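> Below you'll find upload_8.txt; it's compact mmCIF, C-alpha atoms and all ligand atoms.
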```txt
# COMPACT_ATOMS: atom_id res chain seq x y z
CA MET T 1026 11.14 95.13 -180.57
CA HIS T 1027 11.96 91.53 -181.33
CA CYS T 1028 11.64 88.62 -178.90
CA ASP T 1029 13.92 88.96 -175.88
CA GLU T 1030 13.07 86.65 -173.01
CA THR T 1031 15.76 88.15 -170.77
CA ALA T 1032 13.75 91.39 -170.85
CA ILE T 1033 10.79 89.40 -169.49
CA LEU T 1034 13.04 87.98 -166.77
CA ARG T 1035 14.25 91.44 -165.80
CA GLU T 1036 10.73 92.83 -165.85
CA GLN T 1037 9.70 90.05 -163.47
CA SER T 1038 12.55 90.86 -161.09
CA GLY T 1039 11.78 94.58 -161.21
CA GLU T 1040 15.02 95.45 -162.97
CA LEU T 1041 13.66 96.84 -166.24
CA ARG T 1042 13.67 100.57 -166.81
CA ALA T 1043 10.44 102.38 -167.61
CA GLY T 1044 11.07 102.95 -171.32
CA ARG T 1045 12.12 99.37 -171.92
CA ARG T 1046 9.17 98.14 -169.89
CA ARG T 1047 6.71 100.06 -172.08
CA ARG T 1048 8.24 98.52 -175.21
CA LEU T 1049 8.10 95.06 -173.64
CA ARG T 1050 4.40 95.52 -172.79
CA ARG T 1051 3.66 96.43 -176.40
CA HIS T 1052 5.63 93.40 -177.59
CA LEU T 1053 3.85 91.05 -175.19
CA ALA T 1054 0.49 92.25 -176.48
CA ALA T 1055 1.54 91.36 -180.02
CA CYS T 1056 3.64 88.21 -179.53
CA PRO T 1057 1.85 85.07 -178.29
CA ALA T 1058 5.13 83.20 -177.75
CA CYS T 1059 6.55 85.83 -175.39
CA ALA T 1060 3.18 86.25 -173.69
CA ALA T 1061 3.15 82.49 -172.99
CA TYR T 1062 6.72 82.69 -171.69
CA ALA T 1063 5.73 85.52 -169.33
CA ARG T 1064 2.72 83.55 -168.10
CA ASP T 1065 4.78 80.41 -167.48
CA LEU T 1066 7.48 82.42 -165.72
CA ALA T 1067 4.91 83.99 -163.42
CA ARG T 1068 3.48 80.54 -162.70
CA LEU T 1069 6.93 79.12 -161.90
CA GLU T 1070 7.78 82.04 -159.65
CA ALA T 1071 4.50 81.53 -157.84
CA GLU T 1072 4.80 77.75 -157.45
CA ALA T 1073 8.51 77.35 -156.85
CA PRO T 1074 8.73 78.65 -153.26
CA ALA T 1075 6.21 76.06 -152.03
CA ALA T 1076 7.61 73.31 -154.28
CA LEU T 1077 11.15 73.92 -153.02
CA ASP T 1078 10.31 74.79 -149.42
CA ILE T 1079 12.44 72.94 -146.90
CA GLY T 1080 9.91 73.17 -144.08
CA ASP T 1081 11.65 72.80 -140.74
CA LEU T 1082 14.92 71.46 -142.11
CA GLY T 1083 17.85 73.28 -140.59
CA ARG T 1084 15.75 74.86 -137.86
CA GLU T 1085 17.63 73.14 -135.04
CA THR T 1086 20.97 74.01 -136.61
CA ALA T 1087 19.85 77.62 -136.94
CA ALA T 1088 18.73 77.77 -133.32
CA ARG T 1089 21.95 76.19 -132.08
CA LEU T 1090 23.98 78.52 -134.24
CA ALA T 1091 22.25 81.58 -132.85
CA HIS T 1092 23.45 80.57 -129.40
CA THR T 1093 27.01 79.59 -130.25
CA LEU T 1094 28.13 82.32 -132.64
CA PRO T 1095 30.18 85.04 -130.97
CA ILE T 1096 28.33 88.18 -130.00
CA PRO T 1097 30.19 91.49 -129.96
CA ALA T 1098 31.10 92.05 -126.30
CA ALA T 1099 29.80 95.59 -126.26
CA ALA T 1100 29.04 98.25 -128.76
CA ARG T 1101 32.42 99.34 -130.08
CA PRO T 1102 32.76 102.98 -129.03
CA ARG T 1103 32.99 105.04 -132.17
CA PRO T 1104 35.14 108.14 -132.27
CA VAL T 1105 32.85 111.13 -132.16
CA LEU T 1106 33.84 113.52 -134.89
CA ARG T 1107 32.47 116.98 -135.18
CA TRP T 1108 32.08 117.64 -138.85
CA SER T 1109 32.32 121.02 -140.45
CA PRO T 1110 31.77 121.51 -144.18
CA ALA T 1111 35.50 122.13 -144.60
CA MET T 1112 36.38 118.93 -142.74
CA ALA T 1113 33.85 117.00 -144.74
CA ALA T 1114 35.32 118.27 -147.99
CA ALA T 1115 38.86 117.56 -146.81
CA ALA T 1116 37.90 114.09 -145.68
CA LEU T 1117 36.29 113.44 -149.02
CA VAL T 1118 39.45 114.44 -150.86
CA LEU T 1119 41.52 112.21 -148.59
CA LEU T 1120 39.13 109.35 -149.01
CA ALA T 1121 39.12 109.77 -152.76
CA LEU T 1122 42.93 109.89 -152.85
CA GLY T 1123 43.22 106.89 -150.57
CA ALA T 1124 40.58 105.05 -152.49
CA ALA T 1125 42.25 105.79 -155.80
CA GLN T 1126 45.34 104.19 -154.33
CA PHE T 1127 43.84 101.00 -153.08
CA LEU T 1128 40.74 100.71 -155.11
CA ARG T 1129 42.86 99.71 -158.07
CA PRO T 1130 45.23 97.03 -156.92
CA ALA T 1131 47.23 94.98 -159.38
CA PRO T 1132 44.72 93.71 -161.94
CA ASP T 1133 43.52 90.20 -161.29
CA PRO T 1134 45.01 87.97 -163.99
CA ASP T 1135 41.74 86.10 -164.16
CA PRO T 1136 38.74 88.33 -163.44
CA LEU T 1137 36.55 85.27 -163.00
CA ALA T 1138 38.98 83.70 -160.55
CA ARG T 1139 36.97 82.68 -157.55
CA ALA T 1140 37.97 84.41 -154.36
CA ASP T 1141 36.47 83.80 -150.99
CA PRO T 1142 34.32 86.90 -150.43
CA ALA T 1143 34.68 86.50 -146.70
CA ASP T 1144 38.35 87.21 -147.11
CA ALA T 1145 38.38 89.50 -150.12
CA PRO T 1146 37.17 93.08 -149.88
CA SER T 1147 34.59 94.23 -152.35
CA TRP T 1148 36.28 97.02 -154.24
CA LEU T 1149 33.28 97.58 -156.41
CA GLU T 1150 31.01 98.15 -153.45
CA LEU T 1151 33.38 100.66 -151.91
CA GLU T 1152 33.76 102.38 -155.24
CA MET T 1153 30.01 102.64 -155.52
CA ASP T 1154 29.80 104.13 -152.03
CA LEU T 1155 32.41 106.71 -152.89
CA LEU T 1156 30.67 107.59 -156.10
CA ASP T 1157 27.45 107.98 -154.20
CA LEU T 1158 29.13 110.26 -151.72
CA GLU T 1159 30.64 112.39 -154.46
CA VAL T 1160 27.26 112.78 -156.07
CA GLN T 1161 25.81 113.89 -152.75
CA VAL T 1162 28.52 116.50 -152.37
CA LEU T 1163 27.99 117.73 -155.89
CA ARG T 1164 24.36 118.16 -155.05
CA GLY T 1165 25.37 120.49 -152.26
CA GLN T 1166 24.30 118.20 -149.47
CA VAL T 1167 27.44 118.69 -147.42
CA GLY T 1168 25.14 120.20 -144.79
CA ARG T 1169 24.05 116.68 -143.96
CA TRP T 1170 27.31 116.22 -142.12
CA LEU T 1171 27.09 119.31 -139.97
CA PRO T 1172 27.50 118.76 -136.21
CA GLY T 1173 24.41 117.53 -134.46
CA GLU T 1174 23.09 115.56 -137.39
CA ASN T 1175 23.42 111.83 -137.50
CA GLY T 1176 24.23 112.03 -141.21
CA ALA T 1177 27.89 112.04 -140.16
CA SER T 1178 27.70 108.26 -139.95
CA ASP T 1179 27.99 107.97 -143.75
CA LEU T 1180 31.52 109.28 -143.70
CA ASP T 1181 32.31 107.46 -140.45
CA ASP T 1182 31.25 104.17 -142.00
CA LEU T 1183 33.28 104.80 -145.10
CA ALA T 1184 36.36 105.79 -143.12
CA ASP T 1185 35.94 102.67 -140.99
CA GLU T 1186 35.72 100.47 -144.05
CA LEU T 1187 38.79 102.02 -145.62
CA LEU T 1188 40.78 101.62 -142.42
CA HIS T 1189 39.58 98.08 -141.93
CA TRP T 1190 40.50 97.10 -145.48
CA GLU T 1191 43.81 98.86 -145.28
CA GLU T 1192 44.56 96.70 -142.24
CA THR T 1193 43.25 93.61 -143.97
CA MET T 1194 45.34 94.22 -147.06
CA GLY T 1195 48.41 94.92 -144.98
CA MET O 66 19.58 96.52 -147.44
CA GLU O 67 16.13 96.74 -145.94
CA GLN O 68 15.54 98.94 -142.93
CA ALA O 69 14.51 95.99 -140.73
CA GLU O 70 17.64 94.06 -141.71
CA ARG O 71 19.86 97.05 -141.04
CA GLU O 72 18.30 97.50 -137.60
CA ALA O 73 18.69 93.82 -136.76
CA LEU O 74 22.36 94.01 -137.74
CA ASP O 75 22.87 97.11 -135.61
CA ARG O 76 21.26 95.39 -132.67
CA TYR O 77 23.45 92.33 -133.15
CA LEU O 78 26.56 94.49 -133.31
CA ALA O 79 25.45 96.13 -130.09
CA GLY O 80 25.44 92.69 -128.45
CA ASP O 81 21.84 91.54 -128.94
CA ARG O 82 21.79 87.76 -129.46
CA GLU O 83 18.05 87.68 -130.09
CA ALA O 84 18.54 89.96 -133.09
CA LEU O 85 21.06 87.49 -134.49
CA ALA O 86 18.70 84.56 -133.89
CA ALA O 87 15.94 86.41 -135.75
CA LEU O 88 18.24 87.13 -138.70
CA ILE O 89 19.43 83.54 -138.94
CA GLU O 90 15.87 82.21 -138.83
CA ARG O 91 14.69 84.86 -141.30
CA TYR O 92 17.15 83.62 -143.91
CA ARG O 93 17.06 79.94 -142.97
CA ARG O 94 14.65 78.81 -145.70
CA PRO O 95 16.37 80.44 -148.70
CA LEU O 96 19.93 79.96 -147.42
CA TYR O 97 19.75 76.50 -145.88
CA GLY O 98 17.53 75.42 -148.78
CA PHE O 99 20.12 76.69 -151.24
CA ILE O 100 22.95 74.85 -149.49
CA LEU O 101 20.89 71.68 -149.18
CA LYS O 102 19.95 71.69 -152.87
CA MET O 103 23.44 72.55 -154.02
CA THR O 104 25.12 69.87 -151.91
CA GLU O 105 22.50 67.32 -153.03
CA GLY O 106 22.43 65.23 -149.95
CA ARG O 107 26.20 64.92 -149.59
CA GLY O 108 25.51 65.60 -145.94
CA ASP O 109 27.51 68.74 -145.27
CA ALA O 110 24.68 71.26 -145.35
CA ASP O 111 24.75 71.86 -141.58
CA GLU O 112 28.45 72.49 -141.55
CA ILE O 113 28.36 74.83 -144.56
CA PHE O 114 25.38 76.73 -143.15
CA GLN O 115 27.22 77.31 -139.88
CA GLU O 116 30.47 78.26 -141.56
CA THR O 117 28.65 80.68 -143.84
CA TRP O 118 27.29 82.60 -140.87
CA ALA O 119 30.52 82.43 -138.92
CA ARG O 120 32.54 83.89 -141.81
CA THR O 121 29.98 86.54 -142.57
CA LEU O 122 29.75 87.71 -138.97
CA ARG O 123 33.54 87.88 -138.66
CA ARG O 124 33.54 90.52 -141.42
CA LEU O 125 30.58 92.47 -140.15
CA PRO O 126 31.94 94.98 -137.66
CA GLY O 127 34.00 96.71 -140.34
CA PHE O 128 31.98 95.86 -143.39
CA ARG O 129 28.30 96.29 -144.17
CA PRO O 130 27.16 94.56 -147.35
CA ASP O 131 24.35 96.35 -149.15
CA ASN O 132 22.57 93.02 -149.55
CA LEU O 133 23.18 90.70 -146.60
CA LEU O 134 21.42 87.73 -148.15
CA GLY O 135 23.38 88.15 -151.37
CA TRP O 136 26.58 88.21 -149.34
CA LEU O 137 25.57 85.08 -147.43
CA PHE O 138 24.90 83.35 -150.75
CA ARG O 139 28.33 84.32 -152.03
CA VAL O 140 30.03 82.82 -149.00
CA ALA O 141 27.81 79.73 -149.05
CA ARG O 142 28.35 79.18 -152.77
CA ASN O 143 32.11 79.22 -152.42
CA LEU O 144 31.94 76.81 -149.50
CA VAL O 145 29.70 74.47 -151.50
CA ILE O 146 32.14 74.51 -154.42
CA ASP O 147 35.10 73.86 -152.11
CA GLU O 148 33.23 71.01 -150.47
CA ALA O 149 32.34 69.50 -153.84
CA ARG O 150 35.99 69.68 -154.92
CA ARG O 151 37.17 67.98 -151.74
CA ASN O 152 34.52 65.34 -152.16
CA ALA O 153 35.36 64.66 -155.77
CA ARG O 154 39.07 64.50 -155.02
CA PHE O 155 38.41 62.18 -152.12
CA ARG O 156 36.54 59.85 -154.42
CA GLY O 157 39.27 60.12 -157.02
CA LEU O 158 36.81 61.36 -159.60
CA VAL O 159 38.69 64.46 -160.65
CA ASP O 160 42.33 65.13 -161.02
CA ASP O 161 42.95 68.25 -159.01
CA GLY O 162 45.54 69.66 -161.40
CA ASP O 163 43.75 72.37 -163.36
CA GLY O 164 41.76 74.04 -160.62
CA SER O 165 38.65 74.51 -162.77
CA PRO O 166 35.22 74.10 -161.18
CA GLU O 167 34.34 70.42 -161.23
CA VAL O 168 30.91 70.67 -159.66
CA ASP O 169 29.18 69.97 -162.95
CA ARG O 170 30.83 66.60 -163.25
CA ILE O 171 29.96 65.37 -159.79
CA PRO O 172 27.56 62.47 -160.09
CA ASP O 173 24.18 62.53 -158.45
CA PRO O 174 24.79 61.28 -154.90
CA GLY O 175 21.25 60.26 -154.06
CA PRO O 176 17.90 61.57 -152.93
CA ASP O 177 17.45 65.20 -151.99
CA PRO O 178 16.15 65.43 -148.41
CA ALA O 179 14.45 68.72 -149.25
CA ARG O 180 12.15 66.96 -151.65
CA GLN O 181 10.22 65.41 -148.79
CA ALA O 182 8.74 68.82 -148.09
CA ALA O 183 7.51 69.37 -151.66
CA GLY O 184 3.79 69.41 -152.26
CA GLY O 185 1.47 68.14 -155.03
CA ASP O 186 2.12 66.91 -158.55
CA LEU O 187 3.23 70.20 -160.04
CA GLY O 188 5.31 70.94 -156.95
CA ARG O 189 6.98 67.56 -157.19
CA ARG O 190 7.69 68.06 -160.91
CA ILE O 191 9.18 71.48 -160.28
CA ALA O 192 11.35 70.15 -157.45
CA GLU O 193 12.59 67.30 -159.63
CA SER O 194 13.26 69.56 -162.61
CA VAL O 195 15.20 71.99 -160.41
CA ARG O 196 17.24 69.12 -159.04
CA ALA O 197 18.11 68.00 -162.56
CA LEU O 198 19.38 71.47 -163.61
CA PRO O 199 23.12 72.00 -164.04
CA PRO O 200 24.48 73.64 -160.86
CA ASP O 201 24.97 77.12 -162.36
CA GLN O 202 21.39 77.24 -163.58
CA ARG O 203 20.04 75.71 -160.39
CA GLU O 204 21.85 78.37 -158.36
CA VAL O 205 20.30 81.19 -160.37
CA PHE O 206 16.83 79.67 -160.22
CA LEU O 207 17.03 79.18 -156.43
CA MET O 208 18.44 82.62 -155.73
CA ARG O 209 15.75 84.21 -157.88
CA THR O 210 12.65 82.25 -156.85
CA GLU O 211 13.44 81.27 -153.27
CA ALA O 212 15.46 84.26 -152.14
CA GLY O 213 14.04 86.89 -154.49
CA LEU O 214 17.47 88.28 -155.32
CA PRO O 215 17.60 90.59 -158.34
CA PHE O 216 19.69 89.39 -161.28
CA ARG O 217 22.20 92.16 -160.65
CA GLU O 218 22.93 90.60 -157.25
CA ILE O 219 22.84 87.03 -158.56
CA ALA O 220 25.47 87.97 -161.14
CA ARG O 221 27.64 89.32 -158.31
CA VAL O 222 27.22 86.12 -156.33
CA GLN O 223 28.26 84.01 -159.32
CA GLN O 224 30.91 86.53 -160.39
CA VAL O 225 29.68 86.57 -163.95
CA PRO O 226 28.29 89.31 -166.23
CA LEU O 227 24.60 90.12 -165.83
CA ASN O 228 23.82 88.60 -169.24
CA THR O 229 25.30 85.28 -168.16
CA ALA O 230 23.08 85.15 -165.09
CA LEU O 231 20.06 86.02 -167.24
CA ALA O 232 20.96 83.36 -169.81
CA ARG O 233 21.27 80.74 -167.06
CA MET O 234 17.82 81.64 -165.76
CA HIS O 235 16.45 81.52 -169.29
CA TYR O 236 17.79 77.98 -169.79
CA ALA O 237 16.42 76.93 -166.40
CA VAL O 238 12.98 78.36 -167.18
CA GLY O 239 13.02 76.59 -170.54
CA LYS O 240 13.55 73.24 -168.82
CA LEU O 241 11.03 73.94 -166.08
CA ARG O 242 8.34 74.89 -168.56
CA ALA O 243 8.26 71.20 -169.40
CA ALA O 244 6.93 70.57 -165.90
CA LEU O 245 4.11 73.03 -166.58
CA ARG O 246 3.35 71.41 -169.94
CA ALA O 247 3.20 67.99 -168.30
CA GLU O 248 0.69 69.37 -165.82
CA ARG O 249 -1.51 70.77 -168.62
CA GLU O 250 -1.47 67.42 -170.40
CA ASP O 251 -2.62 65.55 -167.31
ZN ZN W 1 8.19 87.72 -178.75
```
Please, can you express the file's structure as structure tokens?
Ligand SMILES: [Zn+2]


Amino acid sequence: MHCDETAILREQSGELRAGRRRRLRRHLAACPACAAYARDLARLEAEAPAALDIGDLGRETAARLAHTLPIPAAARPRPVLRWSPAMAAAALVLLALGAAQFLRPAPDPDPLARADPADAPSWLELEMDLLDLEVQVLRGQVGRWLPGENGASDLDDLADELLHWEETMG
Amino acid sequence: MEQAEREALDRYLAGDREALAALIERYRRPLYGFILKMTEGRGDADEIFQETWARTLRRLPGFRPDNLLGWLFRVARNLVIDEARRNARFRGLVDDGDGSPEVDRIPDPGPDPARQAAGGDLGRRIAESVRALPPDQREVFLMRTEAGLPFREIARVQQVPLNTALARMHYAVGKLRAALRAERED
């Protein structure tokens, strides 16, 4: 392995996979320059929070905010669905069909165009959720959604999100 | 999202104001610090901090981000950029024709109030070096070291590929290592 400081950065943030991490360890043992980089990075990560700490700045604003922001009036009553494996499978198909339809809207002419995330739905996140759900089904975990188990909330949440975004997108 | 964060959100959505207060205070240091250091004393940190929470909470009943802090950073970052554009336009420093981010060209407006809290010599050098970083690099460094966000999430906040976020951190670390060298030479 040759020098790759971004691997050291990802190791430090816990985002390096095991195989890559083993290779990086071997490299660090043999490369003084990278070893020094890793040491300095660790030092910076350790010192920066105190060096950049804002102390009590913003505390009053935060406290005021906590008392002025709207609070949901009451827990929104959720429709209670009784899931059977067949319903779960059907719902999944519907969700997948629906998602296929609005997960791929007209391609953004500029993928780096900055959109306000508070107003724009995160297609990627929803796509990841769906993928996750499909994997669970493939693993035969449909039983999680049987009546009486709180696992039903996964599908409820997803359905809610789809409906909400459908409304948002008009 | 962490279990504790998820529970706090659930309690807020069920009408518990204390849960909201705890969440806001929990993220005050990284989030308010980020806004403060990215607005560089232009004086709108309070307003942006409040608007960040207001916008985020408006989305919450139907939408649950998998990383709440990352989501807050995304909203805050966009507000900071908008504010910087308005500011620059107001001062007539940028022509607002091309719509490209102008933050990099905004001149240093003065002392950073957050610096008052910084500690000893090394702490002061780090704070000054961070302040001198270009905004994109400063953002990555703050999100990584103050908020502990993984690079995957930082890349999402900045809407850039993972490698770009990593490269920005690498440049930032390169510049900050000078602060460590200066300390060793003392
Ligand atoms: Zn090396």

> What is the atom CA of Ala1058 of chain T to atom CA of Asp201 of chain O distance in Å?

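Computing the Euclidean distance for atom CA of Ala1058 of chain T and atom CA of Asp201 of chain O yields 25.8 Å.
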
> If the limit is 6 Å from any atom of ligand ZN 1 (chain W), counting only C-alpha atoms and all ligand atoms, which residues qualify? Return them as a VMD selection string.

chain T and resid 1027 to 1028 1056 1058 to 1059

> For Ala197 of chain O, work out the shell of residues within 10 Å, counting all atoms listed in the file and skipping chain neighbours fewer than 4 positions away, then give it as a list in words.

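After dropping sequence-adjacent residues, the list is Asp173, Ile191, Ala192, Glu193, Gln202, Arg203, Ala237, Lys240 and Leu241 of chain O.
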
> Quick one: pull the distance between atom CA of Arg1051 of chain T and atom CA of Arg209 of chain O, Å, one decimal.

25.3 Å

> Please provide the set of residues having any atom within 8 Å of Gly1039 of chain T, restricted to only C-alpha atoms, with same-chain residues fewer than 3 positions apart removed, written as a PyMOL selection string.

(chain T and resi 1035-1036) or (chain O and resi 215)

> Which residue out of O:Leu227, O:Val222, O:Leu78, O:Ala84 has the minimum interatomic distance to Glu1040 of chain T when only C-alpha atoms are used?

O:Leu227

> One decimal, Å: what's the distance from atom CA of Phe114 of chain O over to atom CA of Leu187 of chain O, could you say?

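Atom CA of Leu187 of chain O lies at a distance of 28.6 Å from atom CA of Phe114 of chain O.
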
> Would you please work out which residue, of O:Gln68, O:Asn152, O:Gln224, O:Thr117, is nearest to Phe99 of chain O when using only C-alpha atoms?

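Closest to Phe99 of chain O, using only C-alpha atoms: O:Thr117.
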
> Would you mind listing what lies within 12 Å of segment 1089-1098 of chain T as a ChimeraX atom specification, with only C-alpha atoms counted and same-chain residues fewer than 4 positions away left out?

/T:1083-1085,1102 /O:74-91,93,111-126

> I'd like the neighbourhood of Leu1066 of chain T as a list in words, where a residue qualifies if any of its atoms comes within 9 Å (using all atoms listed in the file), though same-chain residues fewer than 5 positions away should be ignored.

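So the residues in contact are Ile1033, Leu1034, Gln1037, Ala1061 and Ala1071 of chain T; Val238 and Arg242 of chain O.
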
> Have a look at O:Gly188, O:Pro199, O:Gly239, O:Gly106 and name the one nearest to chain T; count all atoms listed in the file.

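Smallest distance to chain T is found for O:Gly188.
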
> Looking at all atoms listed in the file, which of O:Leu144, O:Leu198, O:Met103, O:Ala153 is the one that sits closest to chain T?

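When distances to chain T are compared using all atoms listed in the file, the smallest one comes from O:Leu144.
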
> Got a moment to write segment 69-123 of chain O out with C-alpha atoms, as a PDB file, in the first residue's frame?


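Full text of part-v1.pdb as output:
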```pdb
ATOM      1  CA  ALA O  69     -31.475   8.445  23.172  1.00  0.00           C
ATOM      2  CA  GLU O  70     -31.957  10.909  20.319  1.00  0.00           C
ATOM      3  CA  ARG O  71     -34.772   8.843  18.843  1.00  0.00           C
ATOM      4  CA  GLU O  72     -36.519   8.714  22.215  1.00  0.00           C
ATOM      5  CA  ALA O  73     -36.133  12.452  22.746  1.00  0.00           C
ATOM      6  CA  LEU O  74     -37.643  13.077  19.312  1.00  0.00           C
ATOM      7  CA  ASP O  75     -40.549  10.752  20.064  1.00  0.00           C
ATOM      8  CA  ARG O  76     -41.173  12.536  23.328  1.00  0.00           C
ATOM      9  CA  TYR O  77     -41.098  15.906  21.590  1.00  0.00           C
ATOM     10  CA  LEU O  78     -43.542  14.701  18.958  1.00  0.00           C
ATOM     11  CA  ALA O  79     -45.799  13.533  21.762  1.00  0.00           C
ATOM     12  CA  GLY O  80     -45.836  17.099  23.091  1.00  0.00           C
ATOM     13  CA  ASP O  81     -42.963  17.096  25.595  1.00  0.00           C
ATOM     14  CA  ARG O  82     -41.285  20.518  25.586  1.00  0.00           C
ATOM     15  CA  GLU O  83     -38.577  19.433  28.017  1.00  0.00           C
ATOM     16  CA  ALA O  84     -37.438  16.799  25.529  1.00  0.00           C
ATOM     17  CA  LEU O  85     -37.068  19.516  22.906  1.00  0.00           C
ATOM     18  CA  ALA O  86     -35.136  21.751  25.307  1.00  0.00           C
ATOM     19  CA  ALA O  87     -32.762  18.874  26.053  1.00  0.00           C
ATOM     20  CA  LEU O  88     -32.196  18.204  22.340  1.00  0.00           C
ATOM     21  CA  ILE O  89     -31.517  21.851  21.564  1.00  0.00           C
ATOM     22  CA  GLU O  90     -29.047  22.144  24.434  1.00  0.00           C
ATOM     23  CA  ARG O  91     -27.428  18.824  23.531  1.00  0.00           C
ATOM     24  CA  TYR O  92     -26.560  20.114  20.067  1.00  0.00           C
ATOM     25  CA  ARG O  93     -25.956  23.736  21.028  1.00  0.00           C
ATOM     26  CA  ARG O  94     -22.147  23.573  21.173  1.00  0.00           C
ATOM     27  CA  PRO O  95     -21.523  21.886  17.801  1.00  0.00           C
ATOM     28  CA  LEU O  96     -24.400  23.579  15.969  1.00  0.00           C
ATOM     29  CA  TYR O  97     -24.267  27.100  17.366  1.00  0.00           C
ATOM     30  CA  GLY O  98     -20.464  26.900  17.255  1.00  0.00           C
ATOM     31  CA  PHE O  99     -20.618  25.904  13.594  1.00  0.00           C
ATOM     32  CA  ILE O 100     -22.959  28.775  12.730  1.00  0.00           C
ATOM     33  CA  LEU O 101     -20.900  31.246  14.730  1.00  0.00           C
ATOM     34  CA  LYS O 102     -17.650  30.207  13.053  1.00  0.00           C
ATOM     35  CA  MET O 103     -19.154  30.111   9.601  1.00  0.00           C
ATOM     36  CA  THR O 104     -20.796  33.535   9.901  1.00  0.00           C
ATOM     37  CA  GLU O 105     -17.569  34.975  11.357  1.00  0.00           C
ATOM     38  CA  GLY O 106     -19.085  37.567  13.566  1.00  0.00           C
ATOM     39  CA  ARG O 107     -21.480  38.961  10.967  1.00  0.00           C
ATOM     40  CA  GLY O 108     -23.968  38.899  13.797  1.00  0.00           C
ATOM     41  CA  ASP O 109     -26.704  36.635  12.473  1.00  0.00           C
ATOM     42  CA  ALA O 110     -25.813  33.480  14.373  1.00  0.00           C
ATOM     43  CA  ASP O 111     -28.817  33.718  16.717  1.00  0.00           C
ATOM     44  CA  GLU O 112     -31.240  34.146  13.879  1.00  0.00           C
ATOM     45  CA  ILE O 113     -29.764  31.300  11.825  1.00  0.00           C
ATOM     46  CA  PHE O 114     -29.677  28.992  14.844  1.00  0.00           C
ATOM     47  CA  GLN O 115     -33.359  29.634  15.524  1.00  0.00           C
ATOM     48  CA  GLU O 116     -34.370  29.287  11.902  1.00  0.00           C
ATOM     49  CA  THR O 117     -32.424  26.036  11.620  1.00  0.00           C
ATOM     50  CA  TRP O 118     -34.443  24.477  14.428  1.00  0.00           C
ATOM     51  CA  ALA O 119     -37.732  25.933  13.255  1.00  0.00           C
ATOM     52  CA  ARG O 120     -37.296  24.513   9.732  1.00  0.00           C
ATOM     53  CA  THR O 121     -36.111  21.163  10.985  1.00  0.00           C
ATOM     54  CA  LEU O 122     -39.010  20.757  13.397  1.00  0.00           C
ATOM     55  CA  ARG O 123     -41.531  21.694  10.712  1.00  0.00           C
TER      56      ARG O 123
END
```
